[in-house]
Every structure is written in structure tokens, then in C-alpha cells.
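What follows is the content of entry_16.txt, which has compact mmCIF, C-alpha atoms and all ligand atoms:
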```txt
# COMPACT_ATOMS: atom_id res chain seq x y z
CA MET F 1 -0.22 44.19 -3.56
CA PRO F 2 -3.98 43.52 -3.84
CA VAL F 3 -4.97 41.40 -6.83
CA SER F 4 -7.94 42.64 -8.87
CA SER F 5 -10.75 40.22 -9.63
CA THR F 6 -9.54 40.12 -13.27
CA GLY F 7 -5.99 39.43 -12.05
CA ALA F 8 -7.22 36.66 -9.73
CA ALA F 9 -9.17 35.13 -12.59
CA CYS F 10 -6.03 35.20 -14.79
CA ILE F 11 -3.97 33.50 -12.06
CA GLU F 12 -6.69 30.85 -11.73
CA VAL F 13 -6.72 30.26 -15.51
CA GLU F 14 -2.91 29.90 -15.45
CA ARG F 15 -3.12 27.37 -12.59
CA VAL F 16 -5.75 25.34 -14.44
CA LYS F 17 -3.54 25.41 -17.57
CA GLU F 18 -0.48 24.33 -15.57
CA ASN F 19 -2.44 21.48 -14.06
CA ALA F 20 -4.04 20.31 -17.30
CA PRO F 21 -3.30 16.64 -18.08
CA LYS F 22 -0.26 16.09 -20.30
CA VAL F 23 0.99 13.22 -22.41
CA LEU F 24 4.51 11.83 -22.03
CA ASP F 25 5.82 9.49 -24.69
CA ALA F 26 6.94 6.15 -23.16
CA SER F 27 10.45 6.67 -24.55
CA ARG F 28 10.74 9.68 -22.19
CA LEU F 29 9.79 7.87 -18.97
CA ALA F 30 13.46 7.96 -17.95
CA SER F 31 13.22 11.78 -17.83
CA LEU F 32 10.71 11.49 -14.97
CA ILE F 33 13.13 9.35 -12.95
CA GLU F 34 15.97 11.73 -13.77
CA ALA F 35 13.90 14.75 -12.72
CA LEU F 36 13.15 13.11 -9.37
CA ARG F 37 16.81 12.20 -8.85
CA ARG F 38 17.90 15.75 -9.75
CA ARG F 39 15.61 17.00 -7.00
CA GLY F 40 17.45 14.83 -4.49
CA TYR F 41 14.96 11.99 -4.17
CA GLU F 42 15.92 8.36 -3.83
CA VAL F 43 13.59 6.74 -6.34
CA ILE F 44 11.90 3.50 -5.29
CA GLY F 45 9.95 1.60 -7.90
CA PRO F 46 8.83 -1.82 -9.12
CA THR F 47 11.36 -4.29 -10.48
CA VAL F 48 11.45 -8.03 -11.17
CA ARG F 49 13.27 -10.16 -8.62
CA ASP F 50 12.97 -13.83 -7.59
CA GLY F 51 9.91 -14.40 -9.75
CA ALA F 52 7.92 -11.47 -8.39
CA ILE F 53 7.51 -7.73 -8.87
CA VAL F 54 9.03 -6.10 -5.79
CA PHE F 55 9.94 -2.56 -4.79
CA ASP F 56 13.56 -1.47 -4.79
CA HIS F 57 15.92 1.42 -5.39
CA ILE F 58 15.64 2.43 -9.09
CA GLU F 59 18.35 4.24 -11.01
CA SER F 60 16.97 3.95 -14.52
CA ALA F 61 13.81 3.10 -16.45
CA GLU F 62 15.46 -0.15 -17.65
CA GLU F 63 15.00 -1.60 -14.17
CA LEU F 64 11.20 -1.31 -14.36
CA PRO F 65 9.19 -4.48 -15.18
CA ALA F 66 8.54 -3.71 -18.87
CA GLY F 67 6.70 -6.53 -20.62
CA TRP F 68 5.72 -8.40 -17.43
CA THR F 69 2.38 -9.04 -15.82
CA ASP F 70 1.19 -11.01 -12.82
CA GLU F 71 -1.30 -13.83 -12.61
CA GLN F 72 -2.93 -14.01 -9.20
CA ALA F 73 -5.49 -16.26 -7.51
CA PRO F 74 -6.00 -17.51 -3.93
CA GLY F 75 -2.62 -18.94 -2.89
CA HIS F 76 -1.21 -18.36 -6.38
CA TYR F 77 1.16 -15.80 -7.95
CA ARG F 78 3.09 -16.14 -11.21
CA LEU F 79 4.83 -13.67 -13.50
CA LYS F 80 3.98 -13.91 -17.17
CA ARG F 81 5.23 -12.17 -20.29
CA ARG F 82 2.88 -9.59 -21.83
CA GLN F 83 2.27 -9.13 -25.52
CA ASP F 84 3.40 -5.50 -25.21
CA GLN F 85 6.09 -3.57 -23.37
CA ALA F 86 3.80 -1.97 -20.75
CA VAL F 87 5.88 -0.95 -17.74
CA PHE F 88 3.09 -0.97 -15.16
CA GLY F 89 1.06 -3.81 -16.68
CA TYR F 90 0.59 -5.77 -13.46
CA ALA F 91 -1.59 -5.37 -10.34
CA VAL F 92 0.28 -5.52 -7.01
CA GLY F 93 3.23 -7.58 -5.85
CA PRO F 94 3.84 -9.13 -2.43
CA GLN F 95 5.33 -5.93 -1.02
CA SER F 96 3.63 -2.68 -0.20
CA TRP F 97 5.18 0.72 0.54
CA LYS F 98 5.19 -0.08 4.26
CA LYS F 99 8.46 -1.84 3.46
CA TYR F 100 9.91 1.69 3.45
CA LEU F 101 7.54 3.76 5.59
CA HIS F 102 7.10 1.23 8.41
CA PRO F 103 10.12 -1.06 7.99
CA ALA F 104 10.08 -4.66 9.20
CA ASP F 105 13.19 -4.23 11.39
CA VAL F 106 14.28 -0.97 12.99
CA ARG F 107 17.13 -0.58 15.46
CA LEU F 108 15.71 1.87 17.99
CA TRP F 109 18.95 2.27 19.94
CA SER F 110 22.17 0.57 20.86
CA ALA F 111 24.24 0.82 24.02
CA GLU F 112 27.96 0.33 24.82
CA ARG F 113 29.40 -0.42 28.24
CA GLN F 114 31.95 2.26 29.04
CA LYS F 115 33.73 2.70 32.39
CA GLY F 116 31.23 0.60 34.30
CA THR F 117 28.15 2.26 32.85
CA PHE F 118 26.17 2.10 29.60
CA ARG F 119 26.20 4.85 27.02
CA ILE F 120 23.05 4.81 24.93
CA LEU F 121 23.45 5.74 21.28
CA ASN F 122 20.31 6.80 19.48
CA ASN F 123 20.29 5.32 16.03
CA GLU F 124 19.58 7.68 13.19
CA THR F 125 16.40 6.56 11.47
CA ARG F 126 15.98 9.55 9.18
CA PRO F 127 16.68 8.68 5.53
CA LYS F 128 19.69 10.35 3.97
CA ARG F 129 17.55 11.46 1.03
CA PRO F 130 13.76 11.89 0.78
CA LEU F 131 12.01 9.05 -0.97
CA ALA F 132 10.06 9.14 -4.24
CA PHE F 133 7.73 6.21 -4.76
CA LEU F 134 7.10 5.40 -8.41
CA GLY F 135 4.07 3.25 -9.18
CA VAL F 136 1.75 3.69 -6.18
CA ARG F 137 -1.62 2.05 -6.90
CA ALA F 138 -4.87 3.56 -5.65
CA CYS F 139 -5.28 0.81 -3.02
CA ASP F 140 -1.77 1.47 -1.75
CA LEU F 141 -2.37 5.23 -1.61
CA ALA F 142 -5.42 4.43 0.53
CA ALA F 143 -3.25 2.14 2.68
CA ILE F 144 -0.69 4.92 3.18
CA ALA F 145 -3.54 7.23 4.28
CA VAL F 146 -4.67 4.52 6.74
CA GLN F 147 -1.16 4.17 8.18
CA ASP F 148 -0.79 7.98 8.31
CA ARG F 149 -3.88 8.06 10.53
CA VAL F 150 -2.71 5.18 12.73
CA LEU F 151 0.94 6.14 13.08
CA THR F 152 0.87 9.94 12.96
CA GLY F 153 -2.73 11.07 13.37
CA ASP F 154 -3.18 10.72 17.12
CA ARG F 155 -1.52 11.73 20.37
CA TYR F 156 1.47 9.51 19.65
CA ARG F 157 3.35 10.21 16.46
CA ASP F 158 5.66 7.40 15.38
CA PRO F 159 9.00 9.15 14.75
CA VAL F 160 10.32 6.33 12.56
CA TYR F 161 7.30 6.37 10.23
CA SER F 162 7.25 10.18 10.14
CA SER F 163 10.92 10.40 9.24
CA TRP F 164 10.35 8.30 6.09
CA ARG F 165 6.89 9.62 5.27
CA ASP F 166 7.57 13.38 5.60
CA GLY F 167 8.59 14.80 2.27
CA ALA F 168 8.04 11.57 0.32
CA PHE F 169 7.03 12.23 -3.30
CA LEU F 170 4.27 9.90 -4.50
CA VAL F 171 3.89 9.03 -8.18
CA ALA F 172 0.63 7.12 -8.52
CA VAL F 173 -0.11 4.77 -11.39
CA GLN F 174 -3.76 4.34 -12.33
CA CYS F 175 -4.72 0.68 -12.72
CA THR F 176 -5.90 -0.33 -16.16
CA GLN F 177 -6.16 -4.03 -15.36
CA ALA F 178 -7.13 -5.94 -12.24
CA ALA F 179 -5.86 -9.19 -10.80
CA GLU F 180 -8.34 -11.92 -9.93
CA THR F 181 -7.76 -11.12 -6.24
CA CYS F 182 -8.38 -7.33 -6.41
CA PHE F 183 -11.52 -5.87 -4.81
CA CYS F 184 -10.67 -2.18 -4.32
CA ALA F 185 -13.78 -1.07 -6.22
CA SER F 186 -16.04 -2.50 -3.50
CA MET F 187 -13.93 -0.91 -0.75
CA GLY F 188 -14.17 2.52 -2.38
CA THR F 189 -10.38 2.83 -2.66
CA GLY F 190 -9.80 2.32 -6.41
CA PRO F 191 -9.01 1.57 -9.12
CA ARG F 192 -8.66 5.33 -9.77
CA ALA F 193 -6.29 7.22 -7.49
CA GLN F 194 -8.23 10.37 -6.58
CA GLN F 195 -5.99 12.10 -4.05
CA GLY F 196 -2.86 11.83 -1.92
CA PHE F 197 -0.40 11.80 -4.84
CA ASP F 198 1.97 14.37 -6.29
CA LEU F 199 1.73 13.03 -9.80
CA ALA F 200 -0.49 10.35 -11.34
CA LEU F 201 0.32 8.41 -14.50
CA THR F 202 -1.95 6.31 -16.64
CA GLU F 203 -0.15 4.03 -19.05
CA LEU F 204 -1.81 3.64 -22.46
CA VAL F 205 -0.60 1.10 -25.01
CA ASP F 206 -2.77 0.86 -28.12
CA ASN F 207 -2.86 1.68 -31.82
CA SER F 208 -2.04 5.31 -30.99
CA GLY F 209 1.26 4.24 -29.37
CA HIS F 210 2.80 3.72 -25.94
CA ARG F 211 2.41 6.80 -23.75
CA PHE F 212 1.50 8.08 -20.29
CA LEU F 213 -1.23 10.51 -19.34
CA LEU F 214 0.13 12.65 -16.51
CA GLN F 215 -1.88 14.63 -13.98
CA ALA F 216 -0.36 16.63 -11.12
CA GLY F 217 -1.89 16.32 -7.66
CA SER F 218 0.20 18.88 -5.76
CA ASP F 219 2.29 21.99 -6.36
CA ARG F 220 5.42 19.79 -6.35
CA GLY F 221 3.79 17.66 -9.01
CA VAL F 222 2.92 20.71 -11.13
CA GLU F 223 6.54 21.89 -10.95
CA LEU F 224 7.94 18.51 -11.89
CA LEU F 225 5.47 18.05 -14.71
CA ALA F 226 6.47 21.44 -16.15
CA GLU F 227 10.05 20.14 -16.49
CA LEU F 228 9.10 17.16 -18.63
CA GLU F 229 8.81 17.19 -22.41
CA THR F 230 5.10 16.57 -22.80
CA LEU F 231 2.19 17.35 -25.10
CA PRO F 232 -1.25 18.57 -24.03
CA ALA F 233 -3.72 15.70 -23.70
CA THR F 234 -6.40 15.55 -26.38
CA GLU F 235 -10.07 14.83 -25.65
CA GLU F 236 -9.57 11.46 -27.33
CA THR F 237 -6.68 10.53 -24.98
CA LEU F 238 -8.76 11.55 -21.97
CA ARG F 239 -11.61 9.30 -23.17
CA GLN F 240 -9.19 6.40 -23.70
CA GLU F 241 -7.79 6.90 -20.23
CA GLU F 242 -11.24 6.94 -18.65
CA ALA F 243 -12.14 3.70 -20.45
CA ALA F 244 -8.86 2.04 -19.42
CA VAL F 245 -9.42 2.70 -15.70
CA GLU F 246 -13.05 1.58 -16.00
CA THR F 247 -11.77 -1.72 -17.42
CA ALA F 248 -9.82 -2.32 -14.20
CA ALA F 249 -13.00 -1.79 -12.16
CA ARG F 250 -15.08 -4.02 -14.45
CA GLN F 251 -12.52 -6.85 -14.33
CA GLN F 252 -12.81 -7.24 -10.55
CA VAL F 253 -14.48 -10.52 -9.72
CA ARG F 254 -14.26 -10.20 -5.94
CA SER F 255 -16.00 -7.75 -3.62
CA ILE F 256 -17.00 -7.16 -0.02
CA ASP F 257 -20.43 -5.77 0.78
CA THR F 258 -19.44 -3.29 3.47
CA THR F 259 -23.01 -2.33 4.40
CA GLY F 260 -23.29 -2.63 8.19
CA ILE F 261 -20.21 -4.87 8.24
CA LYS F 262 -19.05 -3.66 11.64
CA ASP F 263 -22.26 -4.73 13.41
CA LEU F 264 -22.47 -7.86 11.28
CA LEU F 265 -19.08 -9.08 12.53
CA TYR F 266 -19.65 -7.98 16.13
CA GLU F 267 -22.97 -9.88 16.19
CA ASN F 268 -21.45 -13.05 14.75
CA PHE F 269 -18.61 -13.58 17.13
CA GLU F 270 -19.64 -17.21 17.66
CA HIS F 271 -20.57 -17.99 14.06
CA PRO F 272 -19.56 -21.57 13.00
CA ARG F 273 -17.72 -20.07 10.00
CA TRP F 274 -14.85 -19.15 12.33
CA ASP F 275 -14.33 -22.88 13.00
CA HIS F 276 -14.51 -23.57 9.27
CA VAL F 277 -11.73 -21.06 8.49
CA ALA F 278 -9.69 -22.14 11.54
CA ALA F 279 -9.59 -25.69 10.21
CA ARG F 280 -7.72 -24.37 7.14
CA CYS F 281 -5.66 -21.52 8.63
CA LEU F 282 -2.01 -22.36 9.33
CA THR F 283 -1.58 -19.23 11.51
CA CYS F 284 1.52 -18.55 9.41
CA ALA F 285 0.99 -14.74 9.56
CA ASN F 286 1.62 -14.26 5.82
CA CYS F 287 -1.59 -12.25 5.48
CA THR F 288 -0.42 -9.70 8.05
CA MET F 289 3.08 -9.43 6.58
CA VAL F 290 1.81 -8.63 3.07
CA CYS F 291 -1.06 -6.42 4.22
CA PRO F 292 -0.28 -2.74 3.52
CA THR F 293 -2.20 -1.51 6.59
CA CYS F 294 -1.16 -4.04 9.28
CA PHE F 295 1.12 -2.14 11.63
CA CYS F 296 1.72 -4.27 14.75
CA THR F 297 5.24 -4.52 16.08
CA THR F 298 7.11 -6.09 18.96
CA VAL F 299 10.29 -4.96 20.67
CA GLU F 300 13.31 -7.21 21.12
CA ASP F 301 16.39 -6.49 23.23
CA ILE F 302 19.60 -8.31 22.35
CA SER F 303 23.14 -8.24 23.73
CA ASP F 304 26.44 -9.75 22.62
CA VAL F 305 28.16 -12.54 24.56
CA THR F 306 30.46 -10.13 26.37
CA GLY F 307 27.55 -8.11 27.68
CA ASP F 308 29.30 -4.92 26.54
CA HIS F 309 26.97 -4.15 23.64
CA ALA F 310 23.17 -4.19 23.61
CA GLU F 311 20.55 -3.21 21.05
CA ARG F 312 16.81 -2.65 20.99
CA TRP F 313 15.02 -3.61 17.78
CA ARG F 314 11.47 -3.01 16.70
CA ARG F 315 10.15 -5.75 14.41
CA TRP F 316 6.88 -6.47 12.65
CA ASP F 317 4.68 -8.75 14.70
CA SER F 318 1.40 -10.45 13.90
CA CYS F 319 -1.85 -11.16 15.71
CA PHE F 320 -1.48 -14.70 14.29
CA THR F 321 1.38 -15.57 16.66
CA MET F 322 0.78 -17.06 20.08
CA SER F 323 3.21 -14.65 21.68
CA PHE F 324 1.33 -11.61 20.36
CA SER F 325 -1.38 -11.85 23.00
CA TYR F 326 0.69 -13.56 25.71
CA ILE F 327 -0.10 -12.03 29.08
CA HIS F 328 1.51 -13.39 32.29
CA GLY F 329 0.98 -17.12 31.94
CA GLY F 330 -0.91 -17.62 28.71
CA SER F 331 -1.99 -16.39 25.32
CA VAL F 332 -5.35 -14.64 25.20
CA ARG F 333 -5.90 -16.03 21.68
CA ALA F 334 -4.76 -19.60 22.00
CA THR F 335 -6.62 -21.00 18.97
CA ALA F 336 -6.47 -20.40 15.22
CA LYS F 337 -10.17 -19.53 15.39
CA ALA F 338 -9.56 -16.76 17.92
CA ARG F 339 -6.64 -15.38 15.91
CA TYR F 340 -8.28 -15.38 12.48
CA ARG F 341 -11.45 -13.87 13.98
CA GLN F 342 -9.39 -11.16 15.69
CA TRP F 343 -7.59 -10.30 12.45
CA MET F 344 -10.64 -10.14 10.21
CA THR F 345 -12.84 -8.42 12.80
CA HIS F 346 -10.12 -5.84 13.38
CA LYS F 347 -9.67 -5.19 9.64
CA LEU F 348 -13.34 -4.81 8.83
CA ALA F 349 -15.01 -3.75 12.10
CA SER F 350 -13.04 -2.58 15.15
CA TRP F 351 -10.65 -0.58 12.93
CA ILE F 352 -13.68 1.61 12.14
CA ASP F 353 -14.22 2.19 15.87
CA GLN F 354 -10.55 2.89 16.46
CA PHE F 355 -9.57 4.93 13.43
CA GLY F 356 -12.77 5.90 11.62
CA SER F 357 -12.17 3.82 8.48
CA SER F 358 -11.88 0.25 7.33
CA GLY F 359 -8.49 -1.40 7.85
CA CYS F 360 -8.84 -3.13 4.49
CA VAL F 361 -8.24 -1.36 1.18
CA GLY F 362 -9.04 -4.32 -1.07
CA CYS F 363 -5.54 -4.92 -2.47
CA GLY F 364 -6.07 -8.71 -2.37
CA ARG F 365 -2.53 -9.50 -1.18
CA CYS F 366 -3.74 -11.57 1.80
CA ILE F 367 -5.70 -13.78 -0.63
CA THR F 368 -2.82 -14.30 -3.08
CA TRP F 369 -0.16 -14.92 -0.45
CA CYS F 370 -2.17 -17.15 1.88
CA PRO F 371 -0.58 -20.57 1.33
CA VAL F 372 -3.97 -22.28 1.66
CA GLY F 373 -5.91 -19.66 -0.31
CA ILE F 374 -8.11 -18.28 2.48
CA ASP F 375 -10.08 -15.40 1.01
CA ILE F 376 -11.29 -12.53 3.20
CA THR F 377 -14.06 -11.69 0.70
CA GLU F 378 -15.38 -15.27 0.84
CA GLU F 379 -15.26 -15.33 4.66
CA ALA F 380 -17.11 -12.00 4.91
CA ARG F 381 -19.73 -13.21 2.41
CA ALA F 382 -20.25 -16.51 4.26
CA ILE F 383 -20.92 -14.69 7.51
CA ARG F 384 -23.30 -12.24 5.82
CA GLU F 385 -25.24 -15.01 4.11
CA THR F 386 -25.60 -17.28 7.11
CA GLY F 387 -25.05 -15.08 10.18
CA SER F 388 -27.38 -13.11 12.41
CA HIS F 389 -28.24 -9.56 11.30
CA GLY F 390 -29.76 -8.19 14.50
CA ASN F 391 -28.82 -4.54 14.11
CA THR F 392 -28.12 -4.29 10.43
S1 LIG S 1 -5.24 -16.77 6.78
FE1 LIG S 1 -3.72 -17.77 5.44
S2 LIG S 1 -1.98 -16.33 5.40
FE2 LIG S 1 -3.26 -15.77 7.15
S3 LIG S 1 -2.39 -16.87 8.88
FE3 LIG S 1 -4.04 -18.18 8.05
S4 LIG S 1 -2.97 -19.54 6.59
FE4 LIG S 1 -1.54 -17.85 7.00
S1 LIG S 2 -6.80 -7.30 4.52
FE1 LIG S 2 -6.03 -8.25 2.63
S2 LIG S 2 -7.08 -7.19 0.94
FE2 LIG S 2 -7.38 -5.96 2.80
S3 LIG S 2 -5.71 -4.44 2.73
FE3 LIG S 2 -4.93 -6.19 3.94
S4 LIG S 2 -3.90 -7.52 2.45
FE4 LIG S 2 -5.14 -6.06 1.27
```
Reformat the file's structure so that it appears as C-alpha cells.
Amino acid sequence: MPVSSTGAACIEVERVKENAPKVLDASRLASLIEALRRRGYEVIGPTVRDGAIVFDHIESAEELPAGWTDEQAPGHYRLKRRQDQAVFGYAVGPQSWKKYLHPADVRLWSAERQKGTFRILNNETRPKRPLAFLGVRACDLAAIAVQDRVLTGDRYRDPVYSSWRDGAFLVAVQCTQAAETCFCASMGTGPRAQQGFDLALTELVDNSGHRFLLQAGSDRGVELLAELETLPATEETLRQEEAAVETAARQQVRSIDTTGIKDLLYENFEHPRWDHVAARCLTCANCTMVCPTCFCTTVEDISDVTGDHAERWRRWDSCFTMSFSYIHGGSVRATAKARYRQWMTHKLASWIDQFGSSGCVGCGRCITWCPVGIDITEEARAIRETGSHGNT
């Protein structure tokens, strides 16, 4: 039936009303987890384990890191108690969502010897239930978009990544505080999550109480939000929310000037700074393991001692290992200098040529988890300040 212009306007007004920001009292956060579980999602969220905030399966709001925050600096991470009971009062932990979307170890297939031949069994990689990620920061949303482009946006679609990514429900959490290692503001990826989520929460703890401002980002988010017991957001709450997210941007003490960075790095391939960083780099690969956009893998075939059972595994690999660039008789990148330069130049320059965006979202994990505190922002700045700028 055709809809009159008045009817269309009414539908539009209803949609705007449905999508208006709402306030959820902190005591009702459990209802969000329950609503996700009722819809069949396996909820993954932050929790405290082994002295860090990590992601894991969450059954109840009690498992969330209420009252904890993180203290981060180059090569330094500590959990500390907060003065309040904020649930998302930390920046980012060592893990990103690639733990689930692009797992570290995947069995691609296994094979059994039967009657003199091998029968190949394809291993089921599809999750039993779709995933709901609770607490996705803006930088990590940007990282998921980067991995979407790399792993599903070209001729070859990674079936493992797609099976976890398709249907995943993303609950973003706006940052209201930054760690000393964050620099998303300079990378244009945060601290406000603008898109790519189903629902976004901003946690507010002040004299007006402990509550969440909720904004839907998709039809699924609108539906879920309608199920929760919320109140309409007042102008005052919206102003407080705006100020809280601005605080996270203002607190950032690190940045990368991305102006002409691709040409800058290409033109400074022989800059002495690469020797300077190589003298400190342990080539331990930590930076690539914690990075939410690094996607390189290797393939390993194993068999049991009887030779009757074999498996093929896909595992995370790193451009910091010698074997990564081993080609018949030698490694192309035999030195720490060559490997660090490859990693940083890929992140900030050749990624743009390959995929049309930076490979760095400014989460700061590589700075925090580098055992010797190597800082990508400092390395980029050193090259800009002392390198050649032929084409920039
Ligand atoms: S930069 Fe740091 S984390 Fe990365 S390989 Fe070198 S020592 Fe390890
Ligand atoms: S390079 Fe470092 S700061 Fe950039 S996305 Fe990777 S871990 Fe985060």
C-alpha cells in the first residue's frame, strides 16, 4: 500500500523516537546481558584474570570488572582499584576481539587413515551460537572494520573469520578516560564510536548516580533497546555524556601526525632511526600478537606417531620471526632492523596502498606490551623530525 507523505513523516518521527538515546540504571545492566542471552547470543565481555582485564564468556554482570582500572605506560600494565564501581572504567587490555574473530589457533582439517587411504574430515569452525561482544571500544571497532576489509572485503573471503563475524552483535562502550598509551584521537578512530555497532553505551558515574546512556546503531539494537527498562535521556545527561567522551580525547598524551606518513616512511627506508630501534627490539613479536589488526598466519601440518592421524592447523604468525620471510635458503628479513621497519612501514604506509586505510587504529597495545617499551608514536615522530621529506 502506498504511504502518503504525512504517513511517511509519521513513520520517520516514530523511528527517531525509537532511536532516541535512553538511560539505563547501572543496577539494570544485567538485563542487557540477559536480553542478549535470550536472543541466543554467547556473550563475550571483559573480566579480570591473572592481573589483567581480558575477554571471556560472560554469564552475569558480576563477572564484569566493576571497580577496576588499568594503569598503562610503555612496557607497563597494572590493574588498580577505582574509587567508584564503574564497570568499564579502564582503557584496553592485552586482548582484542580478534581472539574470537581471527583465533590464534584453528584446526583447518584432520585426516584418518582408513583401508590404506586417508579420509579428510573438515572441521566445523562455525560457532554454535552467534557472538555478542560487550564493551567494544572505538579503536577496536575500527580494528574490526580493518580486519573485515582484509579478511572478507576482497576476492578471497576467509571462511573462518566470516563464520565468527557474521551475525555478531556489537555493544560498543564509549571511552570516558584514556590510558597513557592511547592515541586513537590522532588516528581518527576514537574515542567516540561513531558507527559499526548495534548498541553503544556510555557509562556515567557522578553526583547524579551510576547509569548508562544507550544509543542504538542498528535495527537489532533498536529492538533490544526497546526491551530494556530505560528512561528517556535528558538534555543534561546528553551534555554530561559529551563532556565525558571529550575528556578521553583530551587526556591522550600520545599522537601520530599522519600527514603524508606513507611517503614519509617510503622515503626514509634507510633512516638511521631504524638502527636505533633495532638495537632495542627483541623481535619477540608481542606487538603483533596484541595488535587488533595484525592478521598474518602460518600453516602447520602435524601427524601422530602411528601416521594414522594428521591435522592441519592455522596459527598466528608474525613478521618479527625469522621463519616468516624464509624463502628457499634464507630469511628475506634477517635483521631486527629489517623486521621492525617492515612492521611499522606496513602498519602506517603500505597498508594504505593495499587496503585503503591505515593498519593502525591507535589502541596503544603495542606500546604497553612491548617488554622494552618501544613506542610506535615516538618512532614515527623521530623519523618525521629528522628524516627526508622529498614528496611530502
Ligand atoms: S617492538 Fe617490542 S614488542 Fe615488538 S618485537 Fe620489538 S621488542 Fe617485541
Ligand atoms: S600498531 Fe599498535 S597502536 Fe596501532 S593498532 Fe596495532 S597495537 Fe594498536
### Within 10 Å of segment 347-361 of chain F using only C-alpha atoms, minus same-chain residues under 2 positions, as a ChimeraX atom specification
/F:138-143,146-147,149-150,153-154,182-190,256,258,260-266,291-294,341-345,363-364,376,380
### Message
For a quick check of understanding, using all atoms listed in the file, which of F:Gly51, F:Asn268, F:Lys98, F:Arg126 has the smallest distance to ligand LIG 2 (chain S)?
### Response
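Of F:Gly51, F:Asn268, F:Lys98, F:Arg126, the one nearest ligand LIG 2 (chain S), counting all atoms listed in the file, is F:Lys98.
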#### Entry: Between atom CA of Gly209 of chain F and atom CA of Ala30 of chain F, distance in Å (one decimal)
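Rounded to one decimal, the two atoms are 17.1 Å apart.
Around Thr234 of chain F, within 10 Å and counting only C-alpha atoms, the residues found are Pro21, Lys22, Val23, Leu231, Thr237, Leu238, Arg239 and Gln240 of chain F, once anything fewer than 3 positions away on its own chain is removed.
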### Query
Looking at all atoms listed in the file, which of F:Glu385, F:Ala285, F:Val332, F:Arg38 is the one that sits closest to ligand LIG 1 (chain S)?
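Of all the options, F:Ala285 lies closest to ligand LIG 1 (chain S).
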### Message
Could you tell me how far atom CA of Asn286 of chain F sits from atom CA of Pro94 of chain F, in Å to one decimal place?
### Response
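Separation of atom CA of Pro94 of chain F and atom CA of Asn286 of chain F: 10.0 Å.
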### Task
Could you check which of F:Trp274, F:Phe295, F:Trp109, F:Trp68 is closest to Tyr90 of chain F, using all atoms listed in the file?
F:Trp68
Show me a table, sorted first by chain and then by increasing residue number, of the residues of chain F having an atom at most 8 Å from ligand LIG 1 (chain S), each with its shortest atom pair and the distance in Å to one decimal, counting only C-alpha atoms and all ligand atoms and written as a Markdown table.
```
| residue | atom | partner | partner_atom | distance |
| --- | --- | --- | --- | --- |
| F:Val277 | CA | S:LIG1 | S1 | 8.0 |
| F:Ala278 | CA | S:LIG1 | FE3 | 7.7 |
| F:Arg280 | CA | S:LIG1 | S4 | 6.8 |
| F:Cys281 | CA | S:LIG1 | FE3 | 3.8 |
| F:Leu282 | CA | S:LIG1 | S4 | 4.0 |
| F:Thr283 | CA | S:LIG1 | S3 | 3.6 |
| F:Cys284 | CA | S:LIG1 | FE4 | 4.0 |
| F:Ala285 | CA | S:LIG1 | S3 | 4.1 |
| F:Asn286 | CA | S:LIG1 | S2 | 4.2 |
| F:Cys287 | CA | S:LIG1 | S2 | 4.1 |
| F:Thr288 | CA | S:LIG1 | FE2 | 6.8 |
| F:Phe320 | CA | S:LIG1 | S3 | 5.9 |
| F:Ala336 | CA | S:LIG1 | FE3 | 7.9 |
| F:Tyr340 | CA | S:LIG1 | S1 | 6.6 |
| F:Cys366 | CA | S:LIG1 | S2 | 6.2 |
| F:Ile367 | CA | S:LIG1 | FE1 | 7.5 |
| F:Trp369 | CA | S:LIG1 | S2 | 6.3 |
| F:Cys370 | CA | S:LIG1 | S2 | 3.6 |
| F:Pro371 | CA | S:LIG1 | S4 | 5.9 |
| F:Val372 | CA | S:LIG1 | S4 | 5.7 |
| F:Gly373 | CA | S:LIG1 | FE1 | 6.4 |
| F:Ile374 | CA | S:LIG1 | FE1 | 5.3 |
| F:Asp375 | CA | S:LIG1 | S1 | 7.7 |
```
Grab all the atoms of ligand LIG 2 (chain S) that the file lists, wrap them in a box along x, y and z, add 8 Å per side, and give me centre plus edge lengths in Å (one decimal) as JSON.
```
{"center_x": -5.6, "center_y": -6.3, "center_z": 2.7, "size_x": 19.5, "size_y": 19.8, "size_z": 19.6}
```
### Message
Could you tell me how far atom CA of Gly362 of chain F sits from atom CA of Gln174 of chain F, in Å to one decimal place?
### Response
15.2 Å
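Shortest separation to ligand LIG 2 (chain S) among F:His328, F:Arg254, F:Arg333, F:His389 occurs at residue F:Arg254, atoms counted being all atoms listed in the file.
With only C-alpha atoms as the atoms that count, the residue of F:Ser163, F:Gln114, F:Ser255, F:Ser218 with the shortest distance to Leu101 of chain F is F:Ser163.
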### Query
Neighbours of Gly93 of chain F within 9 Å (only C-alpha atoms; same-chain residues fewer than 3 positions away dropped), as a list in words?
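Skipping anything fewer than 3 positions along the chain leaves Pro46, Ala52, Ile53, Val54, Phe55, Asp70, Tyr77, Tyr90, Ser96 and Arg365 of chain F.
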